[in-house]
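Worksheet: the structure to be examined is printed underneath.
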Amino acid sequence: MTRKSVLITGASGVLGTAVYNAFQGTGVPTVGLSYSQVKEGLVKLDLTTDLLSQGGATLRKLFSEHGFNWLIHCAAERRPDAFKDGGAAAAVKLNQDVPGHLAQICRNNDATLVYISTDYVFDGKNPPYKPGSEANPLQEYGITKFAGEKAALGVSGAKVVVLRVPVLYGPAPKNSDSAVNILLDVVQDQSGKTYKMDDYAQRYPTNVLDIASFLVRLSDSDKALPRVVHYSAGECLTKYTMCEIFGKILKLPINHIIRDSSIPTDAVARPKDCRLSTEETVELVGDLGCSNFEDWWSRYLTSTQTQ
């Protein structure tokens, strides 16, 4: 049996850190790449420059040295607002162009590429969405991620798994690193400032620790893996109802947070309900092991307050 060796891109991000730690925790040889926020133990590499301008010289060398047979591609520009002004050329390259080049390197090294994608490849009009449902992204983020999917899956002979996930939360260096964690700052701001909070878009916040554990299980599976897989918690929340939960846990009033149930018109287009169907994923691995949102945050915030 071939010894497993894993490469993680974006290993300093919220998801990438969880995935890196999960594989390391199993004793599997694991290397993490990072560029903008390099932490101890990670390898600094600008994937876009290496793959698009230098023929992947550094990445090919790493494959030669370590013999990776799994590459988990977590590096991405995930903030839809970053694409509002159309000036995020580097982000577009990372989301859209890099995945195909990664798939080529994986093919040449007989490795499996897991490309982390998003529920935002769908327009949110006809949930739930199965892995084979037609994609119709509404904004640049979803468009570039879907283009990245097609580029990776289009590499002939490559072993590629696209893993679509919804909005994420979990341990993070700072709350602003997550669209969910940042809501804690809003709830805790008792200065008198008011915030308008979206109560329109239906979201399914999913814990990065659960996704990391799932990826370990997926890499251990002896079943034939689908080309597209969905992983998502089942709880339906809006940003406003998440704030309600945080207020309850922290025992803080949220009178300064104004519920907004109107269809957003002054921001980047966001779909109403992109619920991912996970029936096929359950058939593949069994119980998904998704955390309950309130329970996890209650434990996490209690533990961090006592440290």
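Going through the structure tokens in order, the chains are called A, B, and so on, while each chain numbers its residues from 1 and the ligands are numbered from 1 in the order shown.
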Handout entry: Test item: residues at most 9 Å from Asp260 in chain A, only C-alpha atoms, excluding those fewer than 2 positions along its chain, as a list in words
Key = Lys196, Met197, Asp198, Asp199, Tyr200, Tyr240, Ile258, Ser262, Ile263 and Pro264 of chain A
Exercise for the section: For Lys193 in chain A, please output as JSON, numbers by chain all residues within 12 Å (counting only C-alpha atoms; exclusion window: fewer than 4 positions along the same chain). Expected result: {"A": [185, 186, 187, 188, 189, 254, 255, 256, 257, 258]}
Practice task
Tell me, in Å to one decimal, how far CA of Val282 in chain A is from CA of Asp210 in chain A.
Solution key: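 CA of Val282 in chain A sits 13.9 Å away from CA of Asp210 in chain A.
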Counting only C-alpha atoms, which residues of range 216-283 of chain A fall within 12 Å of range 10-20 of chain A, and what is the closest atom pair for each with its distance in Å at one decimal, ordered by chain and rising number, as CSV?
```
residue,atom,partner,partner_atom,distance
A:Val216,CA,A:Val19,CA,8.2
A:Arg217,CA,A:Val19,CA,11.6
A:Ser219,CA,A:Val19,CA,11.9
```
Output file for the residues above (C-alpha atoms, as a CSV table (one decimal), in the first residue's frame):
```
chain,number,residue,atom,x,y,z
A,216,VAL,CA,-9.2,12.8,6.4
A,217,ARG,CA,-12.0,10.2,6.1
A,219,SER,CA,-8.6,10.3,1.8
```
Exercise for the section: Could you find all residues in range 124-172 of chain A that DSSP calls strand (DSSP E) from the backbone, and write them as a VMD selection string? Expected result: chain A and resid 159 to 165 168 to 169
Keeping only N, CA and C atoms, take the residues you just selected and write them out as a PDB file, in the first residue's frame.
```
ATOM      1  N   LYS A 159      -6.930  12.902 -11.408  1.00  0.00           N
ATOM      2  CA  LYS A 159      -7.856  12.479 -10.353  1.00  0.00           C
ATOM      3  C   LYS A 159      -8.224  13.724  -9.543  1.00  0.00           C
ATOM      4  N   VAL A 160      -9.453  14.198  -9.754  1.00  0.00           N
ATOM      5  CA  VAL A 160      -9.896  15.456  -9.154  1.00  0.00           C
ATOM      6  C   VAL A 160     -11.217  15.246  -8.429  1.00  0.00           C
ATOM      7  N   VAL A 161     -11.307  15.784  -7.221  1.00  0.00           N
ATOM      8  CA  VAL A 161     -12.560  15.822  -6.472  1.00  0.00           C
ATOM      9  C   VAL A 161     -12.845  17.281  -6.132  1.00  0.00           C
ATOM     10  N   VAL A 162     -13.986  17.790  -6.578  1.00  0.00           N
ATOM     11  CA  VAL A 162     -14.431  19.133  -6.212  1.00  0.00           C
ATOM     12  C   VAL A 162     -15.284  19.002  -4.958  1.00  0.00           C
ATOM     13  N   LEU A 163     -14.893  19.691  -3.901  1.00  0.00           N
ATOM     14  CA  LEU A 163     -15.656  19.671  -2.651  1.00  0.00           C
ATOM     15  C   LEU A 163     -16.295  21.033  -2.441  1.00  0.00           C
ATOM     16  N   ARG A 164     -17.626  21.081  -2.582  1.00  0.00           N
ATOM     17  CA  ARG A 164     -18.353  22.339  -2.377  1.00  0.00           C
ATOM     18  C   ARG A 164     -18.806  22.439  -0.928  1.00  0.00           C
ATOM     19  N   VAL A 165     -18.570  23.603  -0.339  1.00  0.00           N
ATOM     20  CA  VAL A 165     -18.945  23.848   1.051  1.00  0.00           C
ATOM     21  C   VAL A 165     -19.631  25.209   1.152  1.00  0.00           C
ATOM     22  N   LEU A 168     -18.287  29.263   6.247  1.00  0.00           N
ATOM     23  CA  LEU A 168     -17.533  28.505   7.235  1.00  0.00           C
ATOM     24  C   LEU A 168     -17.311  29.289   8.522  1.00  0.00           C
ATOM     25  N   TYR A 169     -17.132  28.538   9.606  1.00  0.00           N
ATOM     26  CA  TYR A 169     -16.752  29.143  10.887  1.00  0.00           C
ATOM     27  C   TYR A 169     -15.860  28.168  11.633  1.00  0.00           C
TER      28      TYR A 169
END
```
Nearby residues (only C-alpha atoms) at most 9 Å from Ser232 in chain A, same-chain spacing under 6 positions excluded, as a PDB file with N, CA, C and O atoms, in the first residue's frame:
```
ATOM      1  N   ARG A 164     -17.626  21.081  -2.582  1.00  0.00           N
ATOM      2  CA  ARG A 164     -18.353  22.339  -2.377  1.00  0.00           C
ATOM      3  C   ARG A 164     -18.806  22.439  -0.928  1.00  0.00           C
ATOM      4  O   ARG A 164     -19.367  21.481  -0.373  1.00  0.00           O
ATOM      5  N   VAL A 165     -18.570  23.603  -0.339  1.00  0.00           N
ATOM      6  CA  VAL A 165     -18.945  23.848   1.051  1.00  0.00           C
ATOM      7  C   VAL A 165     -19.631  25.209   1.152  1.00  0.00           C
ATOM      8  O   VAL A 165     -19.452  26.064   0.284  1.00  0.00           O
ATOM      9  N   PRO A 166     -20.419  25.418   2.217  1.00  0.00           N
ATOM     10  CA  PRO A 166     -21.083  26.711   2.404  1.00  0.00           C
ATOM     11  C   PRO A 166     -20.224  27.667   3.222  1.00  0.00           C
ATOM     12  O   PRO A 166     -18.999  27.506   3.290  1.00  0.00           O
ATOM     13  N   VAL A 167     -20.846  28.661   3.851  1.00  0.00           N
ATOM     14  CA  VAL A 167     -20.117  29.618   4.684  1.00  0.00           C
ATOM     15  C   VAL A 167     -19.520  28.878   5.883  1.00  0.00           C
ATOM     16  O   VAL A 167     -20.129  27.981   6.456  1.00  0.00           O
ATOM     17  N   TYR A 204     -26.025  28.064   5.734  1.00  0.00           N
ATOM     18  CA  TYR A 204     -25.845  26.777   6.419  1.00  0.00           C
ATOM     19  C   TYR A 204     -24.419  26.707   6.973  1.00  0.00           C
ATOM     20  O   TYR A 204     -23.569  25.975   6.455  1.00  0.00           O
ATOM     21  N   PRO A 205     -24.143  27.508   8.009  1.00  0.00           N
ATOM     22  CA  PRO A 205     -22.766  27.611   8.518  1.00  0.00           C
ATOM     23  C   PRO A 205     -22.216  26.251   8.934  1.00  0.00           C
ATOM     24  O   PRO A 205     -22.868  25.478   9.633  1.00  0.00           O
ATOM     25  N   THR A 206     -20.998  25.983   8.486  1.00  0.00           N
ATOM     26  CA  THR A 206     -20.379  24.675   8.668  1.00  0.00           C
ATOM     27  C   THR A 206     -18.997  24.848   9.281  1.00  0.00           C
ATOM     28  O   THR A 206     -18.228  25.727   8.875  1.00  0.00           O
ATOM     29  N   ASN A 207     -18.694  23.992  10.249  1.00  0.00           N
ATOM     30  CA  ASN A 207     -17.467  24.119  11.020  1.00  0.00           C
ATOM     31  C   ASN A 207     -16.273  23.567  10.246  1.00  0.00           C
ATOM     32  O   ASN A 207     -16.319  22.453   9.721  1.00  0.00           O
ATOM     33  N   ILE A 211     -15.137  19.767   8.491  1.00  0.00           N
ATOM     34  CA  ILE A 211     -14.703  19.573   7.109  1.00  0.00           C
ATOM     35  C   ILE A 211     -13.332  18.905   7.085  1.00  0.00           C
ATOM     36  O   ILE A 211     -13.074  17.992   6.284  1.00  0.00           O
ATOM     37  N   ARG A 275     -28.781  25.852  -0.425  1.00  0.00           N
ATOM     38  CA  ARG A 275     -28.633  24.622   0.361  1.00  0.00           C
ATOM     39  C   ARG A 275     -28.094  23.490  -0.493  1.00  0.00           C
ATOM     40  O   ARG A 275     -28.634  23.160  -1.547  1.00  0.00           O
ATOM     41  N   LEU A 276     -27.029  22.875  -0.004  1.00  0.00           N
ATOM     42  CA  LEU A 276     -26.394  21.766  -0.703  1.00  0.00           C
ATOM     43  C   LEU A 276     -26.995  20.447  -0.246  1.00  0.00           C
ATOM     44  O   LEU A 276     -27.078  20.174   0.953  1.00  0.00           O
ATOM     45  N   SER A 277     -27.390  19.625  -1.186  1.00  0.00           N
ATOM     46  CA  SER A 277     -27.851  18.285  -0.857  1.00  0.00           C
ATOM     47  C   SER A 277     -26.636  17.429  -0.518  1.00  0.00           C
ATOM     48  O   SER A 277     -25.669  17.373  -1.275  1.00  0.00           O
ATOM     49  N   THR A 278     -26.693  16.746   0.629  1.00  0.00           N
ATOM     50  CA  THR A 278     -25.564  15.901   1.050  1.00  0.00           C
ATOM     51  C   THR A 278     -25.938  14.420   1.071  1.00  0.00           C
ATOM     52  O   THR A 278     -25.217  13.610   1.641  1.00  0.00           O
ATOM     53  N   LEU A 288     -22.153  12.583   8.581  1.00  0.00           N
ATOM     54  CA  LEU A 288     -21.211  13.647   8.261  1.00  0.00           C
ATOM     55  C   LEU A 288     -20.532  14.224   9.497  1.00  0.00           C
ATOM     56  O   LEU A 288     -19.476  14.861   9.394  1.00  0.00           O
ATOM     57  N   CYS A 290     -21.516  16.697  11.552  1.00  0.00           N
ATOM     58  CA  CYS A 290     -21.540  18.162  11.609  1.00  0.00           C
ATOM     59  C   CYS A 290     -21.906  18.660  13.010  1.00  0.00           C
ATOM     60  O   CYS A 290     -22.824  18.149  13.641  1.00  0.00           O
TER      61      CYS A 290
END
```
